[in-house]
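Scroll down for the structure; my scribbles are underneath it.
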Amino acid sequence: MKPSKDAKNIHVVICSGTTCFLMGASELFGIEKTIEGSLASRITVEGSPCMNLCKGGSYGKAPFVRVNDTLISTATLPKVIEEIRRQASL
Amino acid sequence: MHTFIEVDHYQCPKGGHRMEGDVFLSRKNSTENRVISVLSDGLGSGVKAGVLSTLTATMAITCVAGDIPIERTAQIIHQTLPVCSERRIRYATFTIVDIGQNQEVRILEYDNPPYVLIRDGELVEVPKTVARLPSRYGRKTMIFVSSFVAQPGDRIVVFSDGVVQSGIGTQAMPLGWGNAGVRRFLRELVQRDLTISARELAQRVVQKSLWNDALEAKDDITCGVLYFRNPRRTLVLTGPPIAPERDKELASIFSVYKGKKIICGGTTATILSRELGKQIRVCLQNLDPEVPPPSEMDGADLVTEGILTLGKTAELLAGNLQGGIQAFSVKHAAHLLVEHLLNSDIVDFVVGTRINEAHQDPSMPMELEIRRNIVKRIAHLLEERYLKEVHIQFI
């Protein structure tokens, strides 16, 4: 699943550590099925072991998702999709 | 290297019943280095037979562990069993396998099909002596006693009459599979796979019997196997070390270990990935709503999340795993972990004791247990229920 060179690829990394998983990351893995077809083909979804962001609270709260370089805390499907749309329209 | 005794069994109740009338019970006393297993078949089938055989097996194991003479054991069992309301008799068979120090084996058999000893792929006949008990202690009162010193690689196979009599009345085997048939099957299986585990061998025997019975068991079918083998070892690393200075120590434990290697915990995996310079990939197939997905890392046989997966693993081990993990069509990380643990003889846990404070957040939807406690629970289950050897080291 290498990002293709021509279409701008959007890389979505979902933390699947304990805290994130419990706080809802398990649902976020369904994003490819939820998002509109035109965007679904442009994203690559990947899991990550604990990203170490839940500790200390300085990055916000779990679950954490990275959309390219943008970090989303307390991520929900609508929040992640919104960010993907924003980056896709750039 | 010392030989490890792998003990496992498999069973299937008579068609139409939800509970087996046969029981296979084992107890291991690590300090005495003693293993006692009992197979008992209760009169009839279903719950009533289950009660008879459970009583018999439990008493037999306790008596043998307490070095009570066999005559007295038989007497105690006979006097305790309730009388069957239909047949007006009290009856349950038993085979007791008692393995003491220096792998000395003594086997007592009462009315079960004769056990099979497999050595170097061949069946070995062990001479038996007959102990006659006063006739008031049961229907037939002959107990066969045999003893031998087990050698590395030996397998002792015990089974109930449901195995021997399977297929009875069918065109293929009108008189049933028979002792000779079972023996031939065992010999072929072992010769084809010289390191077949006790778990798998027991399963294969029961599956074949069930097949003979056209998948509707005519009687309770049970097979137990004791296998003297070179121990299969597994290392489970879980949790970050108490101080980051010890991360390197954790990595070196991982690198030098000989055996299967498993990592349970995202932070732990990240530490090892950094220290060893290996990449981790999360597997997104077969996602489960309760258990986070497993990952892959070169050099590790399994990488999973920590607390949730371990919690589920403890739950699975405490439940009824009859039929093994194969029974689950979709396997999540805890299934994979259970499978690895049950296929091992010796499990070495290395538990990092640093606490993740995010887990203590009161807004978490469920209570997250402290890692140490879950590992202790898993260790206890592996030792008591599955007769594994477990070591726990904290770091």
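Please note that chains go A, B, ... in the order of the structure tokens, that every chain numbers its residues from 1, and that ligands are numbered from 1 in the order shown.
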Long-range neighbours of Tyr10 of chain B as a PDB file with N, CA, C and O atoms, in the first residue's frame, 8 Å cut-off, only C-alpha atoms, 2 positions minimum in chain:
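Heads up, here's the output in result37.pdb:
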ATOM      1  N   ASP B   8      -2.379 -33.561  28.200  1.00  0.00           N
ATOM      2  CA  ASP B   8      -3.575 -32.919  27.655  1.00  0.00           C
ATOM      3  C   ASP B   8      -4.592 -33.985  27.273  1.00  0.00           C
ATOM      4  O   ASP B   8      -4.261 -35.163  27.189  1.00  0.00           O
ATOM      5  N   CYS B  12     -15.516 -35.648  23.854  1.00  0.00           N
ATOM      6  CA  CYS B  12     -16.741 -35.301  23.164  1.00  0.00           C
ATOM      7  C   CYS B  12     -17.851 -36.113  23.824  1.00  0.00           C
ATOM      8  O   CYS B  12     -17.700 -37.303  24.055  1.00  0.00           O
ATOM      9  N   ARG B 199      -1.563 -32.610  23.022  1.00  0.00           N
ATOM     10  CA  ARG B 199      -2.809 -31.940  22.660  1.00  0.00           C
ATOM     11  C   ARG B 199      -3.354 -32.448  21.350  1.00  0.00           C
ATOM     12  O   ARG B 199      -4.509 -32.785  21.210  1.00  0.00           O
ATOM     13  N   ALA B 202      -4.335 -36.337  21.208  1.00  0.00           N
ATOM     14  CA  ALA B 202      -5.617 -36.617  21.867  1.00  0.00           C
ATOM     15  C   ALA B 202      -6.766 -36.163  20.973  1.00  0.00           C
ATOM     16  O   ALA B 202      -7.773 -36.866  20.811  1.00  0.00           O
ATOM     17  N   GLN B 203      -6.597 -34.992  20.371  1.00  0.00           N
ATOM     18  CA  GLN B 203      -7.644 -34.471  19.492  1.00  0.00           C
ATOM     19  C   GLN B 203      -7.875 -35.367  18.293  1.00  0.00           C
ATOM     20  O   GLN B 203      -9.015 -35.649  17.920  1.00  0.00           O
ATOM     21  N   VAL B 206      -9.843 -38.550  19.175  1.00  0.00           N
ATOM     22  CA  VAL B 206     -11.265 -38.311  19.411  1.00  0.00           C
ATOM     23  C   VAL B 206     -11.978 -37.978  18.096  1.00  0.00           C
ATOM     24  O   VAL B 206     -13.081 -38.464  17.830  1.00  0.00           O
ATOM     25  N   THR B 222     -13.322 -40.066  25.062  1.00  0.00           N
ATOM     26  CA  THR B 222     -12.277 -39.295  25.737  1.00  0.00           C
ATOM     27  C   THR B 222     -10.919 -39.910  25.475  1.00  0.00           C
ATOM     28  O   THR B 222     -10.777 -41.132  25.477  1.00  0.00           O
ATOM     29  N   CYS B 223      -9.937 -39.043  25.237  1.00  0.00           N
ATOM     30  CA  CYS B 223      -8.570 -39.523  25.110  1.00  0.00           C
ATOM     31  C   CYS B 223      -7.646 -38.573  25.859  1.00  0.00           C
ATOM     32  O   CYS B 223      -7.770 -37.352  25.734  1.00  0.00           O
ATOM     33  N   GLY B 224      -6.743 -39.134  26.652  1.00  0.00           N
ATOM     34  CA  GLY B 224      -5.759 -38.326  27.374  1.00  0.00           C
ATOM     35  C   GLY B 224      -4.367 -38.795  26.983  1.00  0.00           C
ATOM     36  O   GLY B 224      -4.152 -39.982  26.748  1.00  0.00           O
ATOM     37  N   GLN B 322     -12.175 -26.513  25.572  1.00  0.00           N
ATOM     38  CA  GLN B 322     -12.336 -27.794  24.904  1.00  0.00           C
ATOM     39  C   GLN B 322     -12.515 -27.544  23.406  1.00  0.00           C
ATOM     40  O   GLN B 322     -13.329 -26.749  22.978  1.00  0.00           O
ATOM     41  N   GLY B 323     -11.762 -28.231  22.610  1.00  0.00           N
ATOM     42  CA  GLY B 323     -11.883 -28.021  21.168  1.00  0.00           C
ATOM     43  C   GLY B 323     -10.832 -27.050  20.690  1.00  0.00           C
ATOM     44  O   GLY B 323     -10.661 -26.854  19.502  1.00  0.00           O
TER      45      GLY B 323
END
Inset, instruction - Write down as a PyMOL selection string the residues of chain A whose backbone DSSP state falls under strand (DSSP E). - result: chain A and resi 10-15+43-48+65-67+70-72
Legend entry - Selection: 9 Å around segment 168-181 of chain B, only C-alpha atoms, excl. self and same-chain fewer than 4 positions, as an MDAnalysis selection string: chainID B and resid 113:114 163:164 185:186 209 212:214 218
Convert the current residue selection to file output with N, CA, C and O atoms, as a JSON list (two decimals), in the first residue's frame.
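Everything below was put into part-v8.json:
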[["chain", "number", "residue", "atom", "x", "y", "z"],
["B", 113, "PRO", "N", -10.30, -49.40, 28.61],
["B", 113, "PRO", "CA", -9.45, -50.07, 27.62],
["B", 113, "PRO", "C", -7.99, -49.92, 28.04],
["B", 113, "PRO", "O", -7.63, -48.92, 28.65],
["B", 114, "PRO", "N", -7.15, -50.94, 27.72],
["B", 114, "PRO", "CA", -5.75, -50.86, 28.15],
["B", 114, "PRO", "C", -5.04, -49.64, 27.56],
["B", 114, "PRO", "O", -5.30, -49.25, 26.43],
["B", 163, "VAL", "N", -13.98, -44.72, 22.56],
["B", 163, "VAL", "CA", -13.02, -44.72, 21.45],
["B", 163, "VAL", "C", -12.98, -46.11, 20.80],
["B", 163, "VAL", "O", -13.13, -46.26, 19.60],
["B", 164, "VAL", "N", -12.81, -47.12, 21.65],
["B", 164, "VAL", "CA", -12.66, -48.49, 21.15],
["B", 164, "VAL", "C", -13.93, -48.96, 20.45],
["B", 164, "VAL", "O", -13.88, -49.66, 19.44],
["B", 185, "PHE", "N", -3.73, -46.93, 14.53],
["B", 185, "PHE", "CA", -3.89, -45.51, 14.22],
["B", 185, "PHE", "C", -2.85, -44.67, 14.97],
["B", 185, "PHE", "O", -2.20, -43.79, 14.40],
["B", 186, "LEU", "N", -2.67, -44.97, 16.26],
["B", 186, "LEU", "CA", -1.72, -44.21, 17.08],
["B", 186, "LEU", "C", -0.30, -44.35, 16.53],
["B", 186, "LEU", "O", 0.45, -43.38, 16.42],
["B", 209, "SER", "N", -12.56, -41.13, 16.19],
["B", 209, "SER", "CA", -13.65, -41.92, 16.80],
["B", 209, "SER", "C", -15.00, -41.35, 16.40],
["B", 209, "SER", "O", -15.93, -42.08, 16.07],
["B", 212, "ASN", "N", -15.78, -42.29, 13.00],
["B", 212, "ASN", "CA", -16.25, -43.68, 12.95],
["B", 212, "ASN", "C", -17.73, -43.77, 13.28],
["B", 212, "ASN", "O", -18.45, -44.58, 12.73],
["B", 213, "ASP", "N", -18.14, -42.90, 14.22],
["B", 213, "ASP", "CA", -19.54, -42.91, 14.66],
["B", 213, "ASP", "C", -20.41, -42.04, 13.75],
["B", 213, "ASP", "O", -21.53, -41.67, 14.13],
["B", 214, "ALA", "N", -19.92, -41.67, 12.59],
["B", 214, "ALA", "CA", -20.64, -40.81, 11.64],
["B", 214, "ALA", "C", -21.05, -39.50, 12.31],
["B", 214, "ALA", "O", -22.17, -39.01, 12.14],
["B", 218, "LYS", "N", -21.74, -42.43, 19.87],
["B", 218, "LYS", "CA", -22.62, -43.42, 20.48],
["B", 218, "LYS", "C", -22.36, -43.52, 21.98],
["B", 218, "LYS", "O", -23.13, -44.13, 22.71]]
Inset, instruction - Find the residues near segment 67-69 of chain A: any atom within 8 Å, counting only C-alpha atoms, skip ones fewer than 3 places away on the same chain, and give them as a list of chain:residue names. - result: A:Ile10, A:His11, A:Val12, A:Val13, A:Ile72, A:Val80, A:Glu83, A:Ile84
Print the selection's residues with all heavy atoms to a file, as a PDB file, in the first residue's frame.
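Ended up saving to part_12.pdb:
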ATOM      1  N   ILE A  10      -3.344  10.438   1.197  1.00  0.00           N
ATOM      2  CA  ILE A  10      -3.514  10.874   2.583  1.00  0.00           C
ATOM      3  C   ILE A  10      -3.327   9.671   3.501  1.00  0.00           C
ATOM      4  O   ILE A  10      -3.989   8.649   3.358  1.00  0.00           O
ATOM      5  CB  ILE A  10      -4.906  11.510   2.786  1.00  0.00           C
ATOM      6  CG1 ILE A  10      -4.975  12.766   1.912  1.00  0.00           C
ATOM      7  CG2 ILE A  10      -5.119  11.865   4.241  1.00  0.00           C
ATOM      8  CD1 ILE A  10      -6.354  13.344   1.793  1.00  0.00           C
ATOM      9  N   HIS A  11      -2.392   9.839   4.385  1.00  0.00           N
ATOM     10  CA  HIS A  11      -1.968   8.739   5.231  1.00  0.00           C
ATOM     11  C   HIS A  11      -2.626   8.876   6.606  1.00  0.00           C
ATOM     12  O   HIS A  11      -2.397   9.854   7.308  1.00  0.00           O
ATOM     13  CB  HIS A  11      -0.435   8.812   5.342  1.00  0.00           C
ATOM     14  CG  HIS A  11       0.150   7.543   5.798  1.00  0.00           C
ATOM     15  ND1 HIS A  11       1.454   7.413   6.172  1.00  0.00           N
ATOM     16  CD2 HIS A  11      -0.388   6.321   5.954  1.00  0.00           C
ATOM     17  CE1 HIS A  11       1.688   6.180   6.532  1.00  0.00           C
ATOM     18  NE2 HIS A  11       0.580   5.497   6.407  1.00  0.00           N
ATOM     19  N   VAL A  12      -3.451   7.892   6.959  1.00  0.00           N
ATOM     20  CA  VAL A  12      -4.150   7.960   8.243  1.00  0.00           C
ATOM     21  C   VAL A  12      -3.565   6.905   9.179  1.00  0.00           C
ATOM     22  O   VAL A  12      -3.555   5.721   8.853  1.00  0.00           O
ATOM     23  CB  VAL A  12      -5.669   7.698   8.060  1.00  0.00           C
ATOM     24  CG1 VAL A  12      -6.395   7.818   9.389  1.00  0.00           C
ATOM     25  CG2 VAL A  12      -6.255   8.661   7.036  1.00  0.00           C
ATOM     26  N   VAL A  13      -3.019   7.341  10.300  1.00  0.00           N
ATOM     27  CA  VAL A  13      -2.466   6.396  11.268  1.00  0.00           C
ATOM     28  C   VAL A  13      -3.306   6.434  12.537  1.00  0.00           C
ATOM     29  O   VAL A  13      -3.467   7.484  13.159  1.00  0.00           O
ATOM     30  CB  VAL A  13      -0.993   6.726  11.605  1.00  0.00           C
ATOM     31  CG1 VAL A  13      -0.438   5.704  12.589  1.00  0.00           C
ATOM     32  CG2 VAL A  13      -0.158   6.740  10.338  1.00  0.00           C
ATOM     33  N   ILE A  72      -4.798  14.485  15.608  1.00  0.00           N
ATOM     34  CA  ILE A  72      -6.154  14.718  16.113  1.00  0.00           C
ATOM     35  C   ILE A  72      -6.299  13.979  17.433  1.00  0.00           C
ATOM     36  O   ILE A  72      -6.017  12.783  17.514  1.00  0.00           O
ATOM     37  CB  ILE A  72      -7.219  14.186  15.126  1.00  0.00           C
ATOM     38  CG1 ILE A  72      -7.009  14.791  13.739  1.00  0.00           C
ATOM     39  CG2 ILE A  72      -8.615  14.467  15.640  1.00  0.00           C
ATOM     40  CD1 ILE A  72      -7.928  14.197  12.680  1.00  0.00           C
ATOM     41  N   VAL A  80     -12.195  12.938  11.997  1.00  0.00           N
ATOM     42  CA  VAL A  80     -11.130  12.471  11.115  1.00  0.00           C
ATOM     43  C   VAL A  80     -11.512  12.707   9.658  1.00  0.00           C
ATOM     44  O   VAL A  80     -10.702  13.174   8.848  1.00  0.00           O
ATOM     45  CB  VAL A  80     -10.836  10.965  11.371  1.00  0.00           C
ATOM     46  CG1 VAL A  80      -9.769  10.458  10.408  1.00  0.00           C
ATOM     47  CG2 VAL A  80     -10.382  10.755  12.804  1.00  0.00           C
ATOM     48  N   GLU A  83     -11.047  16.261   8.663  1.00  0.00           N
ATOM     49  CA  GLU A  83      -9.643  16.607   8.435  1.00  0.00           C
ATOM     50  C   GLU A  83      -9.163  16.043   7.083  1.00  0.00           C
ATOM     51  O   GLU A  83      -8.426  16.710   6.354  1.00  0.00           O
ATOM     52  CB  GLU A  83      -8.779  16.061   9.584  1.00  0.00           C
ATOM     53  CG  GLU A  83      -7.281  16.255   9.427  1.00  0.00           C
ATOM     54  CD  GLU A  83      -6.850  17.726   9.318  1.00  0.00           C
ATOM     55  OE1 GLU A  83      -7.599  18.606   9.786  1.00  0.00           O
ATOM     56  OE2 GLU A  83      -5.773  17.971   8.728  1.00  0.00           O
ATOM     57  N   ILE A  84      -9.616  14.858   6.741  1.00  0.00           N
ATOM     58  CA  ILE A  84      -9.225  14.269   5.448  1.00  0.00           C
ATOM     59  C   ILE A  84      -9.767  15.136   4.308  1.00  0.00           C
ATOM     60  O   ILE A  84      -9.052  15.441   3.346  1.00  0.00           O
ATOM     61  CB  ILE A  84      -9.751  12.822   5.328  1.00  0.00           C
ATOM     62  CG1 ILE A  84      -9.043  11.933   6.349  1.00  0.00           C
ATOM     63  CG2 ILE A  84      -9.524  12.261   3.917  1.00  0.00           C
ATOM     64  CD1 ILE A  84      -9.626  10.539   6.466  1.00  0.00           C
TER      65      ILE A  84
END
Legend entry - Distance query segment 368-385 of chain B at most 9 Å, only C-alpha atoms, self and fewer than 5 positions along chain excluded, as a PyMOL selection string: chain B and resi 26-28+238-239+306-308+310-311+313-315+317-318+341-342+347+349+351-353+355+359-360+390-392+394
Restrict the calculation to only C-alpha atoms, then for each residue of chain A with any atom at most 10 Å from an atom of chain B give the closest atom pair and their distance in Å to one decimal, rows by chain and rising residue number, as JSON lines.
{"residue": "A:Ile14", "atom": "CA", "partner": "B:Val282", "partner_atom": "CA", "distance": 9.9}
{"residue": "A:Cys15", "atom": "CA", "partner": "B:Gly266", "partner_atom": "CA", "distance": 9.4}
{"residue": "A:Ser16", "atom": "CA", "partner": "B:Pro292", "partner_atom": "CA", "distance": 6.3}
{"residue": "A:Gly17", "atom": "CA", "partner": "B:Gly266", "partner_atom": "CA", "distance": 5.5}
{"residue": "A:Thr18", "atom": "CA", "partner": "B:Glu305", "partner_atom": "CA", "distance": 6.5}
{"residue": "A:Thr19", "atom": "CA", "partner": "B:His359", "partner_atom": "CA", "distance": 6.5}
{"residue": "A:Cys20", "atom": "CA", "partner": "B:Pro292", "partner_atom": "CA", "distance": 9.7}
{"residue": "A:Phe21", "atom": "CA", "partner": "B:Pro292", "partner_atom": "CA", "distance": 6.5}
{"residue": "A:Leu22", "atom": "CA", "partner": "B:Pro365", "partner_atom": "CA", "distance": 7.2}
{"residue": "A:Met23", "atom": "CA", "partner": "B:Met364", "partner_atom": "CA", "distance": 7.1}
{"residue": "A:Gly24", "atom": "CA", "partner": "B:Pro289", "partner_atom": "CA", "distance": 9.6}
{"residue": "A:Ala25", "atom": "CA", "partner": "B:Pro292", "partner_atom": "CA", "distance": 9.1}
{"residue": "A:Ser26", "atom": "CA", "partner": "B:Pro289", "partner_atom": "CA", "distance": 6.1}
{"residue": "A:Glu27", "atom": "CA", "partner": "B:Pro289", "partner_atom": "CA", "distance": 7.7}
{"residue": "A:Phe29", "atom": "CA", "partner": "B:Leu284", "partner_atom": "CA", "distance": 8.1}
{"residue": "A:Gly30", "atom": "CA", "partner": "B:Leu287", "partner_atom": "CA", "distance": 9.4}
{"residue": "A:Val45", "atom": "CA", "partner": "B:Leu284", "partner_atom": "CA", "distance": 8.9}
{"residue": "A:Glu46", "atom": "CA", "partner": "B:Val282", "partner_atom": "CA", "distance": 7.1}
{"residue": "A:Gly47", "atom": "CA", "partner": "B:Val282", "partner_atom": "CA", "distance": 5.1}
{"residue": "A:Ser48", "atom": "CA", "partner": "B:Val282", "partner_atom": "CA", "distance": 5.9}
{"residue": "A:Pro49", "atom": "CA", "partner": "B:Gly266", "partner_atom": "CA", "distance": 4.6}
{"residue": "A:Cys50", "atom": "CA", "partner": "B:Gly266", "partner_atom": "CA", "distance": 4.5}
{"residue": "A:Met51", "atom": "CA", "partner": "B:Thr267", "partner_atom": "CA", "distance": 7.8}
{"residue": "A:Asn52", "atom": "CA", "partner": "B:Thr267", "partner_atom": "CA", "distance": 7.1}
{"residue": "A:Leu53", "atom": "CA", "partner": "B:Ala358", "partner_atom": "CA", "distance": 9.5}
{"residue": "A:Cys54", "atom": "CA", "partner": "B:Ala358", "partner_atom": "CA", "distance": 5.9}
{"residue": "A:Lys55", "atom": "CA", "partner": "B:Ala358", "partner_atom": "CA", "distance": 5.5}
{"residue": "A:Gly56", "atom": "CA", "partner": "B:Ala358", "partner_atom": "CA", "distance": 7.4}
{"residue": "A:Gly57", "atom": "CA", "partner": "B:Ala358", "partner_atom": "CA", "distance": 8.1}
{"residue": "A:Lys61", "atom": "CA", "partner": "B:Ala358", "partner_atom": "CA", "distance": 9.1}
{"residue": "A:Ala62", "atom": "CA", "partner": "B:Ala358", "partner_atom": "CA", "distance": 9.0}
Inset, instruction - Could you tell me, as a ChimeraX atom specification, which residues of segment 56-87 of chain A DSSP assigns to alpha helix (DSSP H) when given the backbone? - result: /A:77-87
Inset, instruction - Would you kindly return, as a ChimeraX atom specification, each protein, DNA or RNA residue with an atom no farther than 10 Å from any atom of Asp41 of chain B, considering only C-alpha atoms and excluding same-chain residues fewer than 4 positions away? - result: /B:20-24,45,49-50,52-54,56-57,91-95,111-112,159-162,220-222
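Straight-line separation from atom CA of Thr129 of chain B to atom CA of Arg34 of chain B: 22.8 Å.
Between atom CA of Leu194 of chain B and atom CA of Val105 of chain B lies a distance of 21.6 Å.
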Legend entry - Atomic separation - atom CA of Pro152 of chain B relative to atom CA of Leu337 of chain B, Å: 27.6 Å
